[in-house]
Amino acid sequence: MMKKIVLRDDEMPTQWYNVVSDLPGGLRPPLDPETKQPMGPEKLAAVFPMGLLEQEMSDQRFIDIPEPVSEVLKIWRPSPLVRATKLEQALGTKAKIFFKNESVSPVGSHKPNSAVAQAYYNKREGVKRLTTETGAGQWGSALSLATNTFGLECVVYMVRVSFEQKPYRKSVMQTFGAKVIASPSSETNSGRAIRAKFPDTPGSLGMAISEALEDAASREDTKYALGSVLNHVVLHQSIIGLEAKKQMKIAGEFPDVVIGCCGGGSNFAGLAVPFVPDYLDGKKIRFVGTEPASCPSMTAGALAYDFGDTAQTTPLLYMHTLGHDFIPPGIHAGGLRYHGMAPIVSALIRDKIVEPMRLHQLECFEAGVLFARTEGIIPAPETCHAIRGAIIEAMREPDKPQTILFNLSGHGLIDMAAYDRYFAGELHDYDYPEEEIAASLATLPTV
C-alpha cells in the first residue's frame, strides 16, 4: 500500500478546468448595482485586468495554464496525495481516507495556486501595484509571495481580529515585501466610516474588501486581487482536483465522498469541481462542504443577489449569503469568516450536488489535534473543519468500506495561538443567533 502518491513535474496539469460549462442550472450573471442589469467586463476593468475578466466570464471548458505560471507552481506542485492510515486506525473505520496536501506550498496553503496566476496576468497588462484583503492571512501571504515573484507592489488589508491574533502571518507578508494594514483602517473613506459607526468592530472580510477596492480604484497603476469566491479563482484552484484524479487512479481508488472547508469556497471547489463531470456521468459521489456554525452562509444564508463587500461597491453576485452587513464573531478560523459563498459552490448546492455541513469550533479543533497526533501535520483552524467532516463521514457507518477524499488546505504552524487557547479551555462554540442573521438578510438589495 502506498502512503503517498507524488506526480512528476511533467504530469502536472497544463490546463485549468472550468466547471461553469457543466453546471446543470448554469450561473446567473453578476449585476450592476445601479442598473440591476448584467455587468460586462468593461466596467470591471477598473479593478481587474482583462485577462482575468475573460476567465471570469468564460464558459470554455478547459483554459491553458501559461508557462510562466506553471514554472512558479512547480516550486511545490504537484502536491502529494496522502493516505491517512494512522487516522483510519485511530478511528477504527474501514473507510479509506485520503487527503490532498496543499500545506506544502511556500506559505503553507492552497492560496498561491490563484495568487501566482493573478499576479502574472496583472504583470502582463502593465499593472504596478495590487491591493487585496485577507482574513486569516493565508491569502495575503500568498499574494505577497506572488507579487514579489513578478515584481509588483502589494498592499494587504487584513481583518483586524486576525491582524491581532496572527502576527506571524503579517511577518510573512512583510518578508515578501507587502504593506499590511489592519482593517477597518483610517486610510480609506470606507474604513473611516466603518470605524466611526462600529469603533470596536473586529473587522470582517467584507470590510477589508471595501477598503482594498477603494484603494485600487483610486490609482491608475493599481488593480485589485480577490482570494476566493470569484469564478476565475475557482478555475485556478481546479489544479488541486485535476491532480487528485490522476493520483487516485494510480492508487486504484475513486472517492465516494469529497470534502473541503468553505469560507469563500475556493479550496473546496478546487478539489471538488473536477469530479463533477464524473457525478453528472452517473458516478455516485457525495460532495460535502463544511462551514463554521458562527458564519453559516450555506446552511443559514439566503440564495440571493448581494454585494461582496460591506460598503456596497462590488457587483451583485448571486450566491448564498448572510448579508453584506453580517459581522461574524472573531473565531480562529479567520479564513472562513465571510458572509457569502462562491457563486459556483452556491449553484452546486442549488442543483443538489453539494451538501453543506455546519460544524462547531471545539469539535473541529479536537479533530485537528487527533489528525496531528496520528498523521503528524498540525492543520490550520480552517482545515480542521474539513478533517472533522472526514471523520464524521468515516464514522457514519464505520464498518462500511468507502473512500473519502478531503483537502488539507493548509498547515497551522502560524496558528499556534489558537491551539494555545484551545488547550487552555478558552475557546467556545457559538451559534449565530437566527434573529441577527434575519436582520442582516433584511438589508439585501432588491433585484
# chains A, B, ... in the order shown; residues from 1 in each chain; ligands from 1
>>> residues_around(residues="A:Ile392", least_positions_apart="2", cutoff="12 Å", atoms="only C-alpha atoms", output="number ranges by chain")
A: 91, 93, 95, 97, 257, 259, 288, 290, 357-359, 363-364, 367, 385-390, 394-398, 404
>>> residues_around(residues="A:Gly260", least_positions_apart="6", cutoff="6 Å", atoms="only C-alpha atoms", output="PyMOL selection string")
chain A and resi 268+289+386+406-407
>>> residues_around(residues="A:Pro433", least_positions_apart="6", cutoff="12 Å", atoms="only C-alpha atoms", output="PDB file with all heavy atoms, in the first residue's frame")
ATOM      1  N   ALA A 293     -20.358  27.055  12.414  1.00  0.00           N
ATOM      2  CA  ALA A 293     -21.693  27.425  12.864  1.00  0.00           C
ATOM      3  C   ALA A 293     -21.796  28.918  13.141  1.00  0.00           C
ATOM      4  O   ALA A 293     -22.897  29.475  13.144  1.00  0.00           O
ATOM      5  CB  ALA A 293     -22.045  26.626  14.124  1.00  0.00           C
ATOM      6  N   SER A 294     -20.666  29.572  13.369  1.00  0.00           N
ATOM      7  CA  SER A 294     -20.666  31.002  13.658  1.00  0.00           C
ATOM      8  C   SER A 294     -20.741  31.869  12.403  1.00  0.00           C
ATOM      9  O   SER A 294     -20.932  33.082  12.493  1.00  0.00           O
ATOM     10  CB  SER A 294     -19.412  31.369  14.454  1.00  0.00           C
ATOM     11  OG  SER A 294     -18.259  30.984  13.732  1.00  0.00           O
ATOM     12  N   CYS A 295     -20.578  31.254  11.225  1.00  0.00           N
ATOM     13  CA  CYS A 295     -20.662  32.001   9.966  1.00  0.00           C
ATOM     14  C   CYS A 295     -21.267  31.092   8.899  1.00  0.00           C
ATOM     15  O   CYS A 295     -20.608  30.728   7.917  1.00  0.00           O
ATOM     16  CB  CYS A 295     -19.276  32.496   9.550  1.00  0.00           C
ATOM     17  SG  CYS A 295     -19.297  33.726   8.227  1.00  0.00           S
ATOM     18  N   PRO A 296     -22.541  30.699   9.070  1.00  0.00           N
ATOM     19  CA  PRO A 296     -23.128  29.620   8.270  1.00  0.00           C
ATOM     20  C   PRO A 296     -23.812  30.091   6.990  1.00  0.00           C
ATOM     21  O   PRO A 296     -25.034  30.001   6.843  1.00  0.00           O
ATOM     22  CB  PRO A 296     -24.147  29.017   9.248  1.00  0.00           C
ATOM     23  CG  PRO A 296     -24.616  30.202  10.055  1.00  0.00           C
ATOM     24  CD  PRO A 296     -23.437  31.133  10.149  1.00  0.00           C
ATOM     25  N   ALA A 300     -27.531  28.651   6.622  1.00  0.00           N
ATOM     26  CA  ALA A 300     -28.492  29.599   7.195  1.00  0.00           C
ATOM     27  C   ALA A 300     -28.676  30.833   6.327  1.00  0.00           C
ATOM     28  O   ALA A 300     -29.544  31.659   6.613  1.00  0.00           O
ATOM     29  CB  ALA A 300     -28.044  30.023   8.597  1.00  0.00           C
ATOM     30  N   LEU A 322     -25.180  35.671   3.971  1.00  0.00           N
ATOM     31  CA  LEU A 322     -25.736  36.077   5.257  1.00  0.00           C
ATOM     32  C   LEU A 322     -26.021  37.569   5.284  1.00  0.00           C
ATOM     33  O   LEU A 322     -26.437  38.116   6.312  1.00  0.00           O
ATOM     34  CB  LEU A 322     -24.768  35.712   6.388  1.00  0.00           C
ATOM     35  CG  LEU A 322     -24.561  34.217   6.616  1.00  0.00           C
ATOM     36  CD1 LEU A 322     -23.312  33.955   7.445  1.00  0.00           C
ATOM     37  CD2 LEU A 322     -25.778  33.587   7.276  1.00  0.00           C
ATOM     38  N   PHE A 326     -23.320  41.512   7.569  1.00  0.00           N
ATOM     39  CA  PHE A 326     -23.047  40.486   8.576  1.00  0.00           C
ATOM     40  C   PHE A 326     -21.616  40.619   9.109  1.00  0.00           C
ATOM     41  O   PHE A 326     -20.665  40.709   8.327  1.00  0.00           O
ATOM     42  CB  PHE A 326     -23.239  39.099   7.948  1.00  0.00           C
ATOM     43  CG  PHE A 326     -22.988  37.947   8.890  1.00  0.00           C
ATOM     44  CD1 PHE A 326     -23.978  37.509   9.744  1.00  0.00           C
ATOM     45  CD2 PHE A 326     -21.760  37.300   8.913  1.00  0.00           C
ATOM     46  CE1 PHE A 326     -23.766  36.437  10.596  1.00  0.00           C
ATOM     47  CE2 PHE A 326     -21.528  36.238   9.763  1.00  0.00           C
ATOM     48  CZ  PHE A 326     -22.542  35.807  10.611  1.00  0.00           C
ATOM     49  N   PRO A 328     -19.212  38.510  11.513  1.00  0.00           N
ATOM     50  CA  PRO A 328     -19.079  37.279  12.288  1.00  0.00           C
ATOM     51  C   PRO A 328     -18.226  37.497  13.530  1.00  0.00           C
ATOM     52  O   PRO A 328     -17.429  38.445  13.588  1.00  0.00           O
ATOM     53  CB  PRO A 328     -18.391  36.322  11.313  1.00  0.00           C
ATOM     54  CG  PRO A 328     -17.618  37.230  10.409  1.00  0.00           C
ATOM     55  CD  PRO A 328     -18.427  38.487  10.279  1.00  0.00           C
ATOM     56  N   PRO A 329     -18.367  36.627  14.525  1.00  0.00           N
ATOM     57  CA  PRO A 329     -17.511  36.727  15.707  1.00  0.00           C
ATOM     58  C   PRO A 329     -16.073  36.372  15.364  1.00  0.00           C
ATOM     59  O   PRO A 329     -15.794  35.773  14.318  1.00  0.00           O
ATOM     60  CB  PRO A 329     -18.124  35.705  16.672  1.00  0.00           C
ATOM     61  CG  PRO A 329     -18.792  34.702  15.770  1.00  0.00           C
ATOM     62  CD  PRO A 329     -19.295  35.493  14.599  1.00  0.00           C
ATOM     63  N   ALA A 439     -31.896  39.882  10.572  1.00  0.00           N
ATOM     64  CA  ALA A 439     -31.721  41.326  10.464  1.00  0.00           C
ATOM     65  C   ALA A 439     -30.712  41.683   9.380  1.00  0.00           C
ATOM     66  O   ALA A 439     -30.906  42.648   8.622  1.00  0.00           O
ATOM     67  CB  ALA A 439     -31.266  41.897  11.806  1.00  0.00           C
ATOM     68  N   SER A 440     -29.654  40.885   9.267  1.00  0.00           N
ATOM     69  CA  SER A 440     -28.659  41.127   8.226  1.00  0.00           C
ATOM     70  C   SER A 440     -29.234  40.850   6.853  1.00  0.00           C
ATOM     71  O   SER A 440     -29.018  41.618   5.899  1.00  0.00           O
ATOM     72  CB  SER A 440     -27.429  40.253   8.470  1.00  0.00           C
ATOM     73  OG  SER A 440     -26.443  40.485   7.492  1.00  0.00           O
TER      74      SER A 440
END
>>> atom_distance(atom1="atom CA of A:His232", atom2="atom CA of A:Leu53")
7.9 Å
>>> residues_around(residues="A:Gly252", least_positions_apart="6", cutoff="12 Å", atoms="only C-alpha atoms", output="list of chain:residue names")
A:Met1, A:Met2, A:Ile5, A:Lys96, A:Lys245, A:Lys246, A:Thr403
>>> residues_around(residues="A:Thr188", least_positions_apart="4", cutoff="12 Å", atoms="only C-alpha atoms", output="list of chain:residue names")
A:Tyr157, A:Ile181, A:Ala182, A:Ser183, A:Pro184, A:Arg192, A:Ala193, A:Ile194, A:Arg195, A:Met207, A:Ala208, A:Ile209, A:Ser210, A:Glu211, A:Ala212, A:Leu213, A:Glu214, A:Asp215, A:Ala216, A:Ala217, A:Ser218, A:Ala311
>>> residues_around(residues="stretch 273-276 of chain A", least_positions_apart="4", cutoff="7 Å", atoms="only C-alpha atoms", output="PyMOL selection string")
chain A and resi 17+19+238+241-242+269+280
>>> select_by_dssp(residues="stretch 65-225 of chain A", states="helix (DSSP H, G or I)", output="number ranges by chain")
A: 67-73, 85-91, 102-104, 112-124, 138-150, 160-165, 167-175, 189-197, 205-217
>>> residues_around(residues="A:Gln174", least_positions_apart="2", cutoff="12 Å", atoms="only C-alpha atoms", output="MDAnalysis selection string")
chainID A and resid 137 140:145 147:148 153:156 167:172 176:181
>>> write_last_selection(atoms="N, CA, C and O atoms", output="CSV table (one decimal), in the first residue's frame")
chain,number,residue,atom,x,y,z
A,137,GLY,N,-5.0,35.6,6.9
A,137,GLY,CA,-3.6,35.9,6.4
A,137,GLY,C,-3.0,35.0,5.4
A,137,GLY,O,-2.0,35.3,4.8
A,140,GLY,N,-3.3,36.8,1.9
A,140,GLY,CA,-2.3,37.9,1.9
A,140,GLY,C,-0.9,37.4,1.8
A,140,GLY,O,-0.1,37.9,1.0
A,141,SER,N,-0.6,36.3,2.5
A,141,SER,CA,0.7,35.7,2.4
A,141,SER,C,1.0,35.2,1.0
A,141,SER,O,2.1,35.4,0.4
A,142,ALA,N,0.0,34.6,0.4
A,142,ALA,CA,0.1,34.0,-1.0
A,142,ALA,C,0.3,35.1,-2.0
A,142,ALA,O,1.2,35.0,-2.9
A,143,LEU,N,-0.5,36.2,-1.9
A,143,LEU,CA,-0.4,37.2,-2.9
A,143,LEU,C,0.9,38.0,-2.7
A,143,LEU,O,1.6,38.4,-3.7
A,144,SER,N,1.4,38.1,-1.5
A,144,SER,CA,2.7,38.8,-1.3
A,144,SER,C,3.8,38.0,-1.9
A,144,SER,O,4.8,38.5,-2.5
A,145,LEU,N,3.8,36.7,-1.8
A,145,LEU,CA,4.7,35.8,-2.4
A,145,LEU,C,4.7,36.0,-4.0
A,145,LEU,O,5.7,36.1,-4.6
A,147,THR,N,3.4,38.5,-5.8
A,147,THR,CA,3.7,39.8,-6.3
A,147,THR,C,5.3,40.0,-6.2
A,147,THR,O,5.9,40.7,-7.1
A,148,ASN,N,5.9,39.5,-5.2
A,148,ASN,CA,7.3,39.5,-5.1
A,148,ASN,C,8.0,38.8,-6.3
A,148,ASN,O,8.9,39.2,-6.8
A,153,GLU,N,4.2,45.7,-6.5
A,153,GLU,CA,3.9,46.1,-5.1
A,153,GLU,C,2.6,45.5,-4.6
A,153,GLU,O,1.7,45.1,-5.4
A,154,CYS,N,2.5,45.3,-3.3
A,154,CYS,CA,1.3,44.6,-2.7
A,154,CYS,C,0.9,45.3,-1.4
A,154,CYS,O,1.7,45.6,-0.5
A,155,VAL,N,-0.4,45.7,-1.3
A,155,VAL,CA,-1.0,46.2,-0.1
A,155,VAL,C,-2.1,45.3,0.4
A,155,VAL,O,-3.0,45.0,-0.4
A,156,VAL,N,-2.0,44.9,1.6
A,156,VAL,CA,-3.0,43.9,2.1
A,156,VAL,C,-3.7,44.5,3.3
A,156,VAL,O,-3.1,45.0,4.3
A,167,PRO,N,0.1,37.5,14.3
A,167,PRO,CA,1.1,38.5,14.0
A,167,PRO,C,2.2,37.9,13.0
A,167,PRO,O,2.8,38.6,12.2
A,168,TYR,N,2.4,36.6,13.1
A,168,TYR,CA,3.4,36.0,12.2
A,168,TYR,C,3.0,35.9,10.7
A,168,TYR,O,3.8,35.8,9.8
A,169,ARG,N,1.7,35.9,10.5
A,169,ARG,CA,1.2,35.9,9.1
A,169,ARG,C,1.5,37.3,8.6
A,169,ARG,O,1.9,37.5,7.4
A,170,LYS,N,1.4,38.3,9.4
A,170,LYS,CA,1.8,39.7,9.0
A,170,LYS,C,3.3,39.7,8.7
A,170,LYS,O,3.7,40.3,7.7
A,171,SER,N,4.1,39.0,9.5
A,171,SER,CA,5.5,38.9,9.3
A,171,SER,C,5.8,38.2,7.9
A,171,SER,O,6.8,38.7,7.2
A,172,VAL,N,5.1,37.2,7.6
A,172,VAL,CA,5.3,36.5,6.3
A,172,VAL,C,5.1,37.5,5.2
A,172,VAL,O,5.9,37.6,4.2
A,176,PHE,N,7.9,39.1,2.3
A,176,PHE,CA,7.8,39.2,0.8
A,176,PHE,C,7.5,40.6,0.3
A,176,PHE,O,7.2,40.7,-0.9
A,177,GLY,N,7.7,41.6,1.1
A,177,GLY,CA,7.6,43.0,0.7
A,177,GLY,C,6.3,43.6,0.7
A,177,GLY,O,6.2,44.8,0.2
A,178,ALA,N,5.3,43.0,1.3
A,178,ALA,CA,3.9,43.6,1.3
A,178,ALA,C,3.8,44.6,2.4
A,178,ALA,O,4.4,44.5,3.4
A,179,LYS,N,2.9,45.6,2.2
A,179,LYS,CA,2.5,46.5,3.2
A,179,LYS,C,1.2,45.9,3.8
A,179,LYS,O,0.2,45.6,3.1
A,180,VAL,N,1.1,45.8,5.1
A,180,VAL,CA,-0.1,45.2,5.8
A,180,VAL,C,-0.8,46.2,6.7
A,180,VAL,O,-0.1,46.8,7.5
A,181,ILE,N,-2.1,46.3,6.5
A,181,ILE,CA,-2.9,47.3,7.2
A,181,ILE,C,-4.0,46.6,7.9
A,181,ILE,O,-4.8,45.9,7.3
>>> select_by_dssp(residues="stretch 192-289 of chain A", states="strand (DSSP E)", output="list in words")
Thr222, Lys223, Tyr224, Val257, Val258, Ile259, Gly260, Cys261, Arg286, Phe287, Val288 and Gly289 of chain A
>>> decode(residues="stretch 114-203 of chain A", atoms="C-alpha atoms", output="CSV table (one decimal), in the first residue's frame")
chain,number,residue,atom,x,y,z
A,114,SER,CA,-4.5,31.5,-7.7
A,115,ALA,CA,-2.2,34.2,-6.4
A,116,VAL,CA,0.5,33.3,-8.8
A,117,ALA,CA,-1.9,33.3,-11.8
A,118,GLN,CA,-3.4,36.6,-10.7
A,119,ALA,CA,-0.1,38.3,-10.3
A,120,TYR,CA,1.0,37.0,-13.7
A,121,TYR,CA,-2.0,38.4,-15.6
A,122,ASN,CA,-1.7,41.8,-13.8
A,123,LYS,CA,2.0,42.0,-14.6
A,124,ARG,CA,1.3,41.1,-18.3
A,125,GLU,CA,-1.0,44.1,-18.6
A,126,GLY,CA,1.4,46.6,-17.0
A,127,VAL,CA,-0.1,46.8,-13.5
A,128,LYS,CA,2.4,48.0,-10.9
A,129,ARG,CA,0.6,47.5,-7.7
A,130,LEU,CA,-2.1,45.2,-6.3
A,131,THR,CA,-4.4,45.6,-3.3
A,132,THR,CA,-6.3,42.8,-1.5
A,133,GLU,CA,-8.0,41.7,1.6
A,134,THR,CA,-7.1,38.8,3.9
A,135,GLY,CA,-8.9,37.0,6.7
A,136,ALA,CA,-6.6,34.7,8.5
A,137,GLY,CA,-3.6,35.9,6.4
A,138,GLN,CA,-3.2,33.0,4.1
A,139,TRP,CA,-4.4,34.8,1.0
A,140,GLY,CA,-2.3,37.9,1.9
A,141,SER,CA,0.7,35.7,2.4
A,142,ALA,CA,0.1,34.0,-1.0
A,143,LEU,CA,-0.4,37.2,-2.9
A,144,SER,CA,2.7,38.8,-1.3
A,145,LEU,CA,4.7,35.8,-2.4
A,146,ALA,CA,3.3,36.1,-6.0
A,147,THR,CA,3.7,39.8,-6.3
A,148,ASN,CA,7.3,39.5,-5.1
A,149,THR,CA,7.9,36.9,-7.7
A,150,PHE,CA,6.6,39.1,-10.6
A,151,GLY,CA,7.9,42.4,-9.3
A,152,LEU,CA,4.7,44.1,-8.2
A,153,GLU,CA,3.9,46.1,-5.1
A,154,CYS,CA,1.3,44.6,-2.7
A,155,VAL,CA,-1.0,46.2,-0.1
A,156,VAL,CA,-3.0,43.9,2.1
A,157,TYR,CA,-5.9,45.0,4.3
A,158,MET,CA,-6.0,42.3,7.0
A,159,VAL,CA,-9.1,41.8,9.1
A,160,ARG,CA,-8.3,43.4,12.4
A,161,VAL,CA,-9.1,40.5,14.7
A,162,SER,CA,-6.7,38.2,12.6
A,163,PHE,CA,-4.1,41.1,12.5
A,164,GLU,CA,-4.0,40.9,16.3
A,165,GLN,CA,-4.4,37.1,16.6
A,166,LYS,CA,-1.9,36.1,13.9
A,167,PRO,CA,1.1,38.5,14.0
A,168,TYR,CA,3.4,36.0,12.2
A,169,ARG,CA,1.2,35.9,9.1
A,170,LYS,CA,1.8,39.7,9.0
A,171,SER,CA,5.5,38.9,9.3
A,172,VAL,CA,5.3,36.5,6.3
A,173,MET,CA,3.7,39.2,4.2
A,174,GLN,CA,6.2,41.8,5.2
A,175,THR,CA,9.1,39.3,4.4
A,176,PHE,CA,7.8,39.2,0.8
A,177,GLY,CA,7.6,43.0,0.7
A,178,ALA,CA,3.9,43.6,1.3
A,179,LYS,CA,2.5,46.5,3.2
A,180,VAL,CA,-0.1,45.2,5.8
A,181,ILE,CA,-2.9,47.3,7.2
A,182,ALA,CA,-5.3,46.3,9.9
A,183,SER,CA,-8.9,46.7,8.6
A,184,PRO,CA,-11.0,48.7,9.1
A,185,SER,CA,-8.4,51.4,8.9
A,186,SER,CA,-8.1,55.1,8.9
A,187,GLU,CA,-6.5,55.1,5.4
A,188,THR,CA,-9.7,54.8,3.3
A,189,ASN,CA,-13.1,56.6,3.3
A,190,SER,CA,-14.9,53.3,3.8
A,191,GLY,CA,-12.6,52.3,6.7
A,192,ARG,CA,-13.1,55.6,8.4
A,193,ALA,CA,-16.8,55.4,8.0
A,194,ILE,CA,-17.0,51.8,9.4
A,195,ARG,CA,-14.8,52.8,12.4
A,196,ALA,CA,-17.0,55.7,13.2
A,197,LYS,CA,-20.1,53.5,13.2
A,198,PHE,CA,-18.5,50.5,14.8
A,199,PRO,CA,-15.5,51.7,16.8
A,200,ASP,CA,-14.9,48.3,18.5
A,201,THR,CA,-15.5,46.1,15.4
A,202,PRO,CA,-13.3,43.0,15.0
A,203,GLY,CA,-13.5,43.7,11.3
